[in-house]
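What follows is a set of notes on a single structure, which appears directly below.
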4 protein chains.
Amino acid sequence: MVNLCSDNAGGAAPEILAALEAAGRGWAMPYGNDDLTRRVEARLQEIFEAKAAVFPVATGTAANGLCLSLMTPPYGAIFCHEHAHIHEDECGAPEFYTGGAKLVTLGGAHGKLAAADLGAAIEAAGAGVVHHVQPAAVSLSNASEAGTVYTPDELGAIAEVTRAHGLGLHVDGARFANALVSLGCSPAELTWKAGVEALSFGATKNGALAAEAVILFKPALAANLPFRRKRGGHLLSKMRFLSAQLDAYLTDDLWLRNARHANAMARRLAEGLAQFPGVRLSHPVEANEIFARLPEAMIQGLTERGVHFYRWGPKENSQVRLIASFDTRAEEVDRVLAAARELSGAGGDTRQSA
Amino acid sequence: MVNLCSDNAGGAAPEILAALEAAGRGWAMPYGNDDLTRRVEARLQEIFEAKAAVFPVATGTAANGLCLSLMTPPYGAIFCHEHAHIHEDECGAPEFYTGGAKLVTLGGAHGKLAAADLGAAIEAAGAGVVHHVQPAAVSLSNASEAGTVYTPDELGAIAEVTRAHGLGLHVDGARFANALVSLGCSPAELTWKAGVEALSFGATKNGALAAEAVILFKPALAANLPFRRKRGGHLLSKMRFLSAQLDAYLTDDLWLRNARHANAMARRLAEGLAQFPGVRLSHPVEANEIFARLPEAMIQGLTERGVHFYRWGPKENSQVRLIASFDTRAEEVDRVLAAARELSGAGGDTRQSA
Amino acid sequence: MVNLCSDNAGGAAPEILAALEAAGRGWAMPYGNDDLTRRVEARLQEIFEAKAAVFPVATGTAANGLCLSLMTPPYGAIFCHEHAHIHEDECGAPEFYTGGAKLVTLGGAHGKLAAADLGAAIEAAGAGVVHHVQPAAVSLSNASEAGTVYTPDELGAIAEVTRAHGLGLHVDGARFANALVSLGCSPAELTWKAGVEALSFGATKNGALAAEAVILFKPALAANLPFRRKRGGHLLSKMRFLSAQLDAYLTDDLWLRNARHANAMARRLAEGLAQFPGVRLSHPVEANEIFARLPEAMIQGLTERGVHFYRWGPKENSQVRLIASFDTRAEEVDRVLAAARELSGAGGDTRQSA
Amino acid sequence: MVNLCSDNAGGAAPEILAALEAAGRGWAMPYGNDDLTRRVEARLQEIFEAKAAVFPVATGTAANGLCLSLMTPPYGAIFCHEHAHIHEDECGAPEFYTGGAKLVTLGGAHGKLAAADLGAAIEAAGAGVVHHVQPAAVSLSNASEAGTVYTPDELGAIAEVTRAHGLGLHVDGARFANALVSLGCSPAELTWKAGVEALSFGATKNGALAAEAVILFKPALAANLPFRRKRGGHLLSKMRFLSAQLDAYLTDDLWLRNARHANAMARRLAEGLAQFPGVRLSHPVEANEIFARLPEAMIQGLTERGVHFYRWGPKENSQVRLIASFDTRAEEVDRVLAAARELSGAGGDTRQSA
């Protein structure tokens with residue numbers, strides 16, 4: 001059995017489990033008044049080269065909702081991609097945390113917002129007109145929900161738009177590490193240097209058990225986050241067990257090593273599959289996610305052989321999503337490719353012969 | 001250094017750390033579609049002798065807010081003790097999760113609501129009158145915030161009131177295990193058999209890292225909890241790591257053993273302190289919390305010797321809160337008592353000589 | 001000066017002003033416990049041939065928000081047209097009143113939802129999947145924001161979809177009277193007989209000062225409306241002055257007469273304009289609103305001559321919205337047409353020559 | 001029949017009805033872009049000697065909720081009297097408009113907050129501590145719910161407390177005119193000169209049909225009110241009909257004349273009643289409300305003779321509330337007194353003879 005369903009289905013990195021074990025001994029002050037939490041803050045400030053405010057939480061949905069709650073009044077509009085996780089997959093958490101703000105969605109090739117479209121949408125939104133929700137923030141995912149990445153330049157172009165209109169800029173970084181190593185730039189270049197004000201920094205998908213961090217690069221945002229986090233039930237009493245995960249995650253570049261491995265596995269898989277007839281990649285594979293149309297026989301054959309993944313979109317599209325994780329092994333990828341080759345040779349792809 | 005600040009400051013039980021280690025290997029479907037989560041549900045149903053719905057979450061504040069959101073409309077009133085955790089210590093989380101319901105507080109000796117007072121308050125609240133928030137639920141803590149426990153009979157009397165007026169009944173069980181072993185009754189007797197409809201079942205304070213469970217005994221409440229949990233950012237993607245904690249917690253009576261130990265340590269400490277002149281217990285010590293007035297010299301002397309605890313109430317009251325945890329050791333208690341004896345003998349309690 | 005900006009810009013019907021005068025004498029119990037309010041309820045029940053619950057409020061936005069708050073949980077989805085007033089022109093009031101539900105928009109020719117599109121959207125929305133907001137209600141405007149009307153059959157087809165999926169069906173009837181007289185059917189046929197569960201019944205745009213009514217055809221919806229109305233600040237203390245407006249509005253068919261007149265004026269204007277070269281109606285004119293593309297010279301010339309109206313959409317489209325009101329006079333319409341004829345003859349429409 | 005139930009039960013002042021009639025002719029731009037609304041703003045600025053921002057709304061509950069929404073984050077605490085209208089009689093509207101802030105109640109003689117108590121409560125509330133809702137605003141009613149008034153000095157003392165702690169200060173002025181004429185000071189002295197930042201300026205109870213105004217003396221508060229008002233459904237489309245009421249209310253001192261009359265009638269009634277055995281005034285009668293304990297036989301006898309009023313508190317207290325209105329006539333008061341005298345002479349007050 002091979003798991004390509006989600007990096008959420010992966011296990012926990014041994015280094016992180018060991019850190020929990022160590023943190024479990026003795027006692028510490030609760031609610032983040034502990035050394036581990038302070039260390040994580042210092043580490044992230046160093047890594048991001050910024051005096052950023054850091055708030056660990058257990059889920060990405062919480063991180064996103066909290067970040068957005070700092071950027072918009074209840075009558076605000078948050079601009080995002082039509083396939084953004086905050087819009088499609090959080091059961092309305094942004095609306096909950098913001099007190100009912102409206103998510104305004106835009107299209108965009110390969111899961112990414114284009115700065116020009118964004119500017120046009122904001123201008124059409126009616127800032128200052130009392131009948132309309134008021135443009136307040138832009139939220140994008142990097143890596144995106146299509147497995148692509150925004151470059152620092154692309155982010156900078158978007159930030160120019162948000163700055164020009166006085167909007168906040170949030171990045172959902174559930175797969176931030178995957179985007180970062182894909183680009184080879186620095187964490188600072190991919191965030192505040194490009195104009196990002198708030199980041200949901202993910203660790204769960206990349207080897208932690210349940211650990212994310214809200215990182216606020218704009219100091220003015222930080223003042224009321226502690227109260228909103230507590231009010232949302234996201235201030236862990238034994239915070240050190242969350243911080244211990246992040247601490248191990250950031251130690252000895254574990255986060256970067258894990259992400260590089262996952263990206264490499266995705267690339268190996270994508271390149272392998274792309275050689276088979278009838279396979280078409282839906283988007284460039286720039287991180288650890290693959291979206292592809294496969295011959296229907298291949299989809300079914302892989303499933304029968306214990307490869308787990310999701311179909312994506314209507315069944316007649318024969319599109320699938322394949323995600324590699326920090327613990328996906330090269331031999332697993334190769335086994336999948338071998339099976340795919342066999343299924344490909346067996347023919348049965350009616351579209352191909354068409 | 002001895003920690004008597006809070007059971008939140010305690011470490012993690014080795015059995016629970018081991019369970020995380022085991023759960024960290026291999027992969028599993030995310031969001032609770034895994035065997036461990038199913039096993040926890042089955043275990044809790046067995047323990048509570050009920051077909052209850054079970055929803056693990058990471059914090060007690062989340063568990064409480066979610067439970068209450070099921071029981072009240074936004075224009076509802078939730079009756080609770082004036083020192084209830086939900087009222088004083090959750091930064092308005094119940095208001096957040098309920099969409100703005102009002103907490104109506106009552107007094108009550110030793111941190112407990114009295115059924116008669118509750119009935120009177122509900123009757124005075126103006127059910128059906130459009131100008132008033134509408135009585136919707138009662139929430140109490142067992143063990144209470146004063147370290148006392150409600151007996152099944154006391155709960156039954158309160159449930160009679162809530163039933164008579166059509167209100168929901170929620171128990172904040174952050175220290176449910178401590179209450180249970182203190183009373184020696186069954187989990188069912190302390191919950192649904194007495195009329196409790198929803199329980200925030202705590203594990204964090206009693207040896208877990210971050211694990212609680214919403215347990216709903218009234219099936220009608222369960223239908224929309226999944227959406228509210230997700231929307232609040234409390235559906236963990238790698239849920240199995242939360243469930244693994246609960247699973248170990250419930251295995252071989254770890255939860256009961258831990259609670260018995262903590263209660264015994266609190267009793268040992270309370271009985272020891274009570275013998276010293278100038279010490280007065282504020283409430284009966286029925287679980288693992290002690291509230292006591294100590295000679296001012298004793299408070300300061302213990303602090304200087306590395307005993308950590310909180311003052312409680314205005315400084316001139318010389319009242320403190322001392323909490324024993326699953327990992328408080330008898331020798332630690334004895335060391336505190338020895339120090340207290342010495343500080344007591346040294347005199348200096350001005351109130352005593354007055 | 002001729003007002004074609006909005007029926008909101010119109011005056012008050014003399015009959016309604018007289019009713020206020022009469023209601024102003026003497027006293028009456030507040031908050032709707034008065035004879036006038038009871039009479040309005042009885043009248044509306046008679047007119048709609050239904051034991052409907054009636055709740056007067058001062059604005060259409062309040063009526064819409066309150067209706068929707070009865071039909072959706074905070075994690076619900078409300079399906080509506082992309083140009084729905086509730087989505088575009090209420091500054092997020094539906095989100096506010098529902099505690100953060102999400103408005104999911106659909107296209108649709110001439111401002112109307114098509115039953116088939118709606119069914120497909122609901123099916124794609126992921127009912128029961130915890131990550132997605134849950135389909136809860138459909139809201140449409142009749143007359144629509146494009147000045148068209150839904151027939152009873154069209155409503156019935158939509159209601160079949162909502163019933164099949166267990167969704168509520170709300171109609172924003174800010175211009176309900178205009179739709180009704182346009183179709184010539186009965187109020188019952190245009191609402192509950194077709195499957196409508198809740199109606200925002202408008203009077204303000206059609207001769208009242210500030211008077212609308214929430215009408216609930218599904219009894220189960222009515223129980224918590226009173227509390228939500230009060231909580232929103234929409235329970236008027238001197239309610240009789242709101243009810244007096246509605247009472248006069250419903251007396252001697254004033255509401256139908258006013259609507260017939262407004263519709264006739266719109267038709268007269270539309271038919272007149274359509275004869276001029278370069279004029280194209282954007283939608284069928286079925287109520288009292290006209291959307292049309294005019295020669296740019298005509299737009300500017302009319303404006304210079306004191307005809308007030310709004311451009312609609314981007315300026316380069318040369319589209320305008322013209323609304324006739326209960327107090328628009330035929331001579332005003334004719335004056336506008338005369339001016340338009342003159343401006344038309346003067347040429348200058350570049351598109352026309354193209 | 002004499003109405004002493006409430007000033008809400010009173011009629012409408014003829015001057016105000018005449019103003020509506022006049023406003024009903026012709027048309028005007030909607031949503032407050034009209035001359036009458038501008039005139040009301042200018043008049044209020046002149047009357048209050050301040051460049052205040054003015055926002056008419058239809059109800060006092062809306063005015064209060066909107067004012068408070070400007071002063072507190074969702075995790076804020078609003079301090080008010082335990083019998084404040086916002087706490088007891090608005091079905092949770094402040095919680096709704098603030099997104100779930102908590103009302104923290106204090107006692108206080110004769111319905112008024114004492115500055116010292118307030119200071120102590122704020123200091124005890126835990127500003128900056130993440131577990132507690134954060135002190136954000138103080139709201140008081142002038143005249144109070146006990147029919148008493150705060151003097152400028154008393155307000156100043158409270159404002160000193162709010163300023164010292166950085167809290168907002170709101171006044172619920174449903175009976176502001178009654179307080180003002182009772183004190184004989186200027187509107188400015190009773191508001192911003194004493195430190196008040198936001199006022200719910202009432203007109204409905206004093207002769208209007210449904211008209212109040214949010215008046216913001218602190219410019220920073222005004223920026224987001226327009227959006228919150230619209231979002232709450234409280235921006236009337238035909239705003240001029242609301243403004244026309246306020247305009248007439250402020251013309252030729254109608255508001256002050258009406259309030260003086262109502263206060264005089266209340267005083268006449270209170271002084272008359274106080275002479276009868278067994279009658280005790282519960283609070284000083286400083287505006288137009290009387291709270292008094294009457295002999296039980298008097299309560300019943302007056303009721304039988306068609307005098308309408310409410311009992312106040314538990315029946316065994318024999319306490320009533322009597323409110324005089326702008327349209328209460330002296331002869332009505334004298335008729336009530338004559339009946340009371342008769343009922344008093346008839347004896348039957350068991351408490352008195354005890």
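Ordering of the structure tokens sets the chain letters (A, B, ...); residue numbers start at 1 within each chain; ligands are numbered from 1 in the order shown.
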
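Using only C-alpha atoms, we find that the part of chain C lying within 6 Å of chain A comprises Tyr75, Asp89, Glu90, Cys91, Gly92, Glu95, Phe96, Gly100, His131, His132 and Val133 of chain C.
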
Set the distance at 7 Å and use only C-alpha atoms: which residues neighbour segment 215-217 of chain C once local chain neighbours fewer than 5 positions away are removed? I'd like the list as an mmCIF file with N, CA, C and O atoms, in the first residue's frame.
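part.cif written:
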data_model
loop_
_atom_site.group_PDB
_atom_site.id
_atom_site.type_symbol
_atom_site.label_atom_id
_atom_site.label_comp_id
_atom_site.auth_asym_id
_atom_site.auth_seq_id
_atom_site.Cartn_x
_atom_site.Cartn_y
_atom_site.Cartn_z
ATOM 1 N N ALA C 52 -49.971 32.583 7.592
ATOM 2 C CA ALA C 52 -48.550 32.963 7.644
ATOM 3 C C ALA C 52 -48.260 33.809 8.875
ATOM 4 O O ALA C 52 -49.132 34.483 9.411
ATOM 5 N N ALA C 53 -47.005 33.753 9.313
ATOM 6 C CA ALA C 53 -46.555 34.626 10.402
ATOM 7 C C ALA C 53 -45.992 35.900 9.788
ATOM 8 O O ALA C 53 -45.263 35.848 8.799
ATOM 9 N N VAL C 54 -46.335 37.041 10.385
ATOM 10 C CA VAL C 54 -45.999 38.349 9.805
ATOM 11 C C VAL C 54 -45.196 39.176 10.801
ATOM 12 O O VAL C 54 -45.600 39.306 11.959
ATOM 13 N N PHE C 55 -44.094 39.728 10.349
ATOM 14 C CA PHE C 55 -43.243 40.544 11.220
ATOM 15 C C PHE C 55 -42.802 41.813 10.494
ATOM 16 O O PHE C 55 -41.868 41.776 9.689
ATOM 17 N N TRP C 192 -46.196 30.651 -1.549
ATOM 18 C CA TRP C 192 -46.213 29.324 -0.921
ATOM 19 C C TRP C 192 -46.755 28.236 -1.836
ATOM 20 O O TRP C 192 -46.322 27.082 -1.747
ATOM 21 N N GLU C 197 -40.925 29.685 1.065
ATOM 22 C CA GLU C 197 -41.126 29.524 2.504
ATOM 23 C C GLU C 197 -41.093 30.840 3.270
ATOM 24 O O GLU C 197 -41.694 30.969 4.324
ATOM 25 N N ALA C 198 -40.326 31.780 2.746
ATOM 26 C CA ALA C 198 -40.204 33.070 3.432
ATOM 27 C C ALA C 198 -40.121 34.177 2.409
ATOM 28 O O ALA C 198 -39.428 34.041 1.396
ATOM 29 N N LEU C 199 -40.818 35.264 2.690
ATOM 30 C CA LEU C 199 -40.870 36.396 1.765
ATOM 31 C C LEU C 199 -40.516 37.683 2.489
ATOM 32 O O LEU C 199 -41.062 37.976 3.554
ATOM 33 N N SER C 200 -39.591 38.444 1.908
ATOM 34 C CA SER C 200 -39.403 39.832 2.323
ATOM 35 C C SER C 200 -40.371 40.652 1.475
ATOM 36 O O SER C 200 -40.138 40.867 0.284
ATOM 37 N N PHE C 201 -41.440 41.090 2.108
ATOM 38 C CA PHE C 201 -42.530 41.762 1.401
ATOM 39 C C PHE C 201 -42.290 43.265 1.482
ATOM 40 O O PHE C 201 -42.379 43.872 2.543
ATOM 41 N N ALA C 222 -41.114 30.431 12.285
ATOM 42 C CA ALA C 222 -41.545 31.639 12.997
ATOM 43 C C ALA C 222 -41.087 31.720 14.443
ATOM 44 O O ALA C 222 -41.009 32.804 15.016
#

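Minimum atom-to-atom distance to Leu66 of chain B, evaluated using only C-alpha atoms, belongs to A:Gly233 out of A:Met29, A:Gly233, A:Val336, A:Ala121.
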
Query - Point-to-point distance from atom CA of Leu250 of chain C to atom CA of Thr59 of chain C, Å rounded to tenths - result: 17.6 Å

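Of the residues under consideration (A:Arg321, A:His261, A:Arg293, A:Arg305), A:Arg305 shows the shortest atom-to-atom contact distance to Leu343 of chain A when counting only C-alpha atoms.
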
Requested in this report: Write down as a PyMOL selection string the residues belonging to segment 95-255 of chain D that are assigned strand (DSSP E or B) by DSSP computed on the backbone.
Outcome: chain D and resi 102-106+134-141+168-173+198-202+212-216

Query - Contacts of Lys112 of chain D at 10 Å (only C-alpha atoms; same-chain gap of 5+ positions) as a ChimeraX atom specification - result: /D:80-84,106-107,140-150,154

Hey, can you spit out that residue selection with C-alpha atoms as a PDB file, in the first residue's frame?
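In the end it all went to out_14.pdb:
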ATOM      1  CA  CYS D  80     -22.709  48.704  32.736  1.00  0.00           C
ATOM      2  CA  HIS D  81     -25.264  48.838  35.511  1.00  0.00           C
ATOM      3  CA  GLU D  82     -26.922  45.547  36.361  1.00  0.00           C
ATOM      4  CA  HIS D  83     -30.261  47.025  35.322  1.00  0.00           C
ATOM      5  CA  ALA D  84     -28.999  48.654  32.142  1.00  0.00           C
ATOM      6  CA  LEU D 106     -22.183  46.433  38.500  1.00  0.00           C
ATOM      7  CA  GLY D 107     -24.627  47.464  41.152  1.00  0.00           C
ATOM      8  CA  LEU D 140     -24.562  54.173  31.117  1.00  0.00           C
ATOM      9  CA  SER D 141     -28.070  55.503  30.639  1.00  0.00           C
ATOM     10  CA  ASN D 142     -28.945  59.139  31.198  1.00  0.00           C
ATOM     11  CA  ALA D 143     -31.666  59.436  32.360  1.00  0.00           C
ATOM     12  CA  SER D 144     -31.057  56.098  34.049  1.00  0.00           C
ATOM     13  CA  GLU D 145     -33.374  53.108  34.105  1.00  0.00           C
ATOM     14  CA  ALA D 146     -34.370  54.157  37.637  1.00  0.00           C
ATOM     15  CA  GLY D 147     -35.538  57.573  36.493  1.00  0.00           C
ATOM     16  CA  THR D 148     -32.549  59.354  37.986  1.00  0.00           C
ATOM     17  CA  VAL D 149     -29.998  61.498  36.184  1.00  0.00           C
ATOM     18  CA  TYR D 150     -26.218  61.698  36.119  1.00  0.00           C
ATOM     19  CA  GLU D 154     -20.827  62.491  37.978  1.00  0.00           C
TER      20      GLU D 154
END

Query - Those of segment 215-314 of chain C in DSSP alpha helix (DSSP H), formatted as number ranges by chain - result: C: 225-231, 240-250, 254-274, 296-304

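One finds atom CA of Leu4 of chain D at 26.0 Å from atom CA of Val40 of chain C.
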
Requested in this report: Show which residues sit within 12 Å of Arg38 of chain D, as JSON, numbers by chain. Count only C-alpha atoms, and ignore same-chain residues fewer than 2 positions away.
Outcome: {"D": [29, 31, 32, 33, 34, 35, 36, 40, 41, 42, 43, 44, 45, 53, 54, 55, 56, 239, 240, 242, 243, 244, 246, 247]}

Go ahead and save the picked residues with N, CA, C and O atoms, as an mmCIF file, in the first residue's frame.
data_model
loop_
_atom_site.group_PDB
_atom_site.id
_atom_site.type_symbol
_atom_site.label_atom_id
_atom_site.label_comp_id
_atom_site.auth_asym_id
_atom_site.auth_seq_id
_atom_site.Cartn_x
_atom_site.Cartn_y
_atom_site.Cartn_z
ATOM 1 N N MET D 29 -32.779 62.130 -3.054
ATOM 2 C CA MET D 29 -31.834 61.027 -3.178
ATOM 3 C C MET D 29 -31.919 60.153 -1.924
ATOM 4 O O MET D 29 -32.140 60.648 -0.820
ATOM 5 N N TYR D 31 -30.854 57.055 0.962
ATOM 6 C CA TYR D 31 -29.753 56.636 1.850
ATOM 7 C C TYR D 31 -29.065 57.799 2.559
ATOM 8 O O TYR D 31 -27.887 57.717 2.900
ATOM 9 N N GLY D 32 -29.790 58.898 2.723
ATOM 10 C CA GLY D 32 -29.233 59.998 3.500
ATOM 11 C C GLY D 32 -28.549 61.075 2.681
ATOM 12 O O GLY D 32 -28.048 62.055 3.242
ATOM 13 N N ASN D 33 -28.534 60.899 1.371
ATOM 14 C CA ASN D 33 -27.940 61.941 0.522
ATOM 15 C C ASN D 33 -28.991 62.988 0.200
ATOM 16 O O ASN D 33 -29.267 63.292 -0.963
ATOM 17 N N ASP D 34 -29.601 63.526 1.227
ATOM 18 C CA ASP D 34 -30.692 64.475 1.033
ATOM 19 C C ASP D 34 -30.519 65.670 1.970
ATOM 20 O O ASP D 34 -29.780 65.597 2.957
ATOM 21 N N ASP D 35 -31.207 66.741 1.661
ATOM 22 C CA ASP D 35 -31.048 67.995 2.418
ATOM 23 C C ASP D 35 -31.498 67.871 3.867
ATOM 24 O O ASP D 35 -30.884 68.441 4.774
ATOM 25 N N LEU D 36 -32.568 67.143 4.096
ATOM 26 C CA LEU D 36 -33.069 67.032 5.466
ATOM 27 C C LEU D 36 -32.050 66.357 6.367
ATOM 28 O O LEU D 36 -31.836 66.776 7.507
ATOM 29 N N VAL D 40 -30.262 67.987 9.645
ATOM 30 C CA VAL D 40 -30.284 67.407 10.994
ATOM 31 C C VAL D 40 -28.866 67.325 11.561
ATOM 32 O O VAL D 40 -28.627 67.658 12.726
ATOM 33 N N GLU D 41 -27.958 66.921 10.732
ATOM 34 C CA GLU D 41 -26.569 66.843 11.180
ATOM 35 C C GLU D 41 -26.078 68.216 11.618
ATOM 36 O O GLU D 41 -25.489 68.380 12.696
ATOM 37 N N ALA D 42 -26.352 69.219 10.805
ATOM 38 C CA ALA D 42 -25.909 70.575 11.134
ATOM 39 C C ALA D 42 -26.568 71.071 12.418
ATOM 40 O O ALA D 42 -25.924 71.677 13.280
ATOM 41 N N ARG D 43 -27.850 70.815 12.563
ATOM 42 C CA ARG D 43 -28.565 71.242 13.767
ATOM 43 C C ARG D 43 -27.978 70.607 15.022
ATOM 44 O O ARG D 43 -27.789 71.262 16.046
ATOM 45 N N LEU D 44 -27.714 69.324 14.932
ATOM 46 C CA LEU D 44 -27.179 68.630 16.115
ATOM 47 C C LEU D 44 -25.771 69.116 16.438
ATOM 48 O O LEU D 44 -25.403 69.237 17.609
ATOM 49 N N GLN D 45 -25.006 69.398 15.415
ATOM 50 C CA GLN D 45 -23.662 69.941 15.660
ATOM 51 C C GLN D 45 -23.750 71.299 16.358
ATOM 52 O O GLN D 45 -22.960 71.606 17.245
ATOM 53 N N ALA D 53 -20.234 63.530 14.487
ATOM 54 C CA ALA D 53 -20.795 62.757 13.376
ATOM 55 C C ALA D 53 -22.168 62.246 13.793
ATOM 56 O O ALA D 53 -22.342 61.777 14.916
ATOM 57 N N VAL D 54 -23.130 62.341 12.871
ATOM 58 C CA VAL D 54 -24.525 62.034 13.198
ATOM 59 C C VAL D 54 -25.056 60.955 12.265
ATOM 60 O O VAL D 54 -24.906 61.070 11.045
ATOM 61 N N PHE D 55 -25.674 59.935 12.834
ATOM 62 C CA PHE D 55 -26.220 58.834 12.036
ATOM 63 C C PHE D 55 -27.616 58.466 12.525
ATOM 64 O O PHE D 55 -27.747 57.759 13.524
ATOM 65 N N PRO D 56 -28.657 58.925 11.852
ATOM 66 C CA PRO D 56 -30.016 58.567 12.277
ATOM 67 C C PRO D 56 -30.298 57.076 12.105
ATOM 68 O O PRO D 56 -29.871 56.471 11.113
ATOM 69 N N MET D 239 -34.325 57.751 3.802
ATOM 70 C CA MET D 239 -33.816 58.311 5.056
ATOM 71 C C MET D 239 -34.480 59.633 5.432
ATOM 72 O O MET D 239 -34.635 59.964 6.607
ATOM 73 N N ARG D 240 -34.877 60.397 4.434
ATOM 74 C CA ARG D 240 -35.418 61.729 4.757
ATOM 75 C C ARG D 240 -36.633 61.645 5.678
ATOM 76 O O ARG D 240 -36.938 62.603 6.378
ATOM 77 N N LEU D 242 -36.904 59.687 8.184
ATOM 78 C CA LEU D 242 -36.352 59.605 9.530
ATOM 79 C C LEU D 242 -35.811 60.987 9.921
ATOM 80 O O LEU D 242 -36.076 61.503 11.009
ATOM 81 N N SER D 243 -35.095 61.581 8.998
ATOM 82 C CA SER D 243 -34.494 62.886 9.275
ATOM 83 C C SER D 243 -35.564 63.953 9.485
ATOM 84 O O SER D 243 -35.388 64.873 10.297
ATOM 85 N N ALA D 244 -36.655 63.844 8.754
ATOM 86 C CA ALA D 244 -37.729 64.827 8.919
ATOM 87 C C ALA D 244 -38.247 64.818 10.355
ATOM 88 O O ALA D 244 -38.573 65.871 10.920
ATOM 89 N N LEU D 246 -36.513 63.982 13.044
ATOM 90 C CA LEU D 246 -35.501 64.596 13.911
ATOM 91 C C LEU D 246 -35.453 66.106 13.690
ATOM 92 O O LEU D 246 -35.276 66.886 14.630
ATOM 93 N N ASP D 247 -35.638 66.520 12.445
ATOM 94 C CA ASP D 247 -35.587 67.940 12.133
ATOM 95 C C ASP D 247 -36.710 68.680 12.877
ATOM 96 O O ASP D 247 -36.462 69.715 13.515
#

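Near Ser182 of chain C, within 10 Å and counting only C-alpha atoms, sit Ala143, Thr148, Val149, Thr151, Phe176, Ala177, Asn178, Ala259, Arg260, Asn263, Ala264, Val285, Glu286, Ala287 and Asn288 of chain C, not including residues fewer than 4 positions from it in the same chain.
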
Query raised in the report: So what do you get for atom CA of Ala203 of chain B versus atom CA of Arg39 of chain A, distance-wise?
Result: 26.5 Å

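When only C-alpha atoms are used to measure the gap to Arg329 of chain A, the shortest distance among A:Ser69, A:Ala266, A:Val171, A:Ala116 belongs to A:Ala266.
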
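Nearest to Asn258 of chain D of all the residues D:Ile158, D:Ile299, D:Ala330, D:Val181 is D:Val181, counting only C-alpha atoms.
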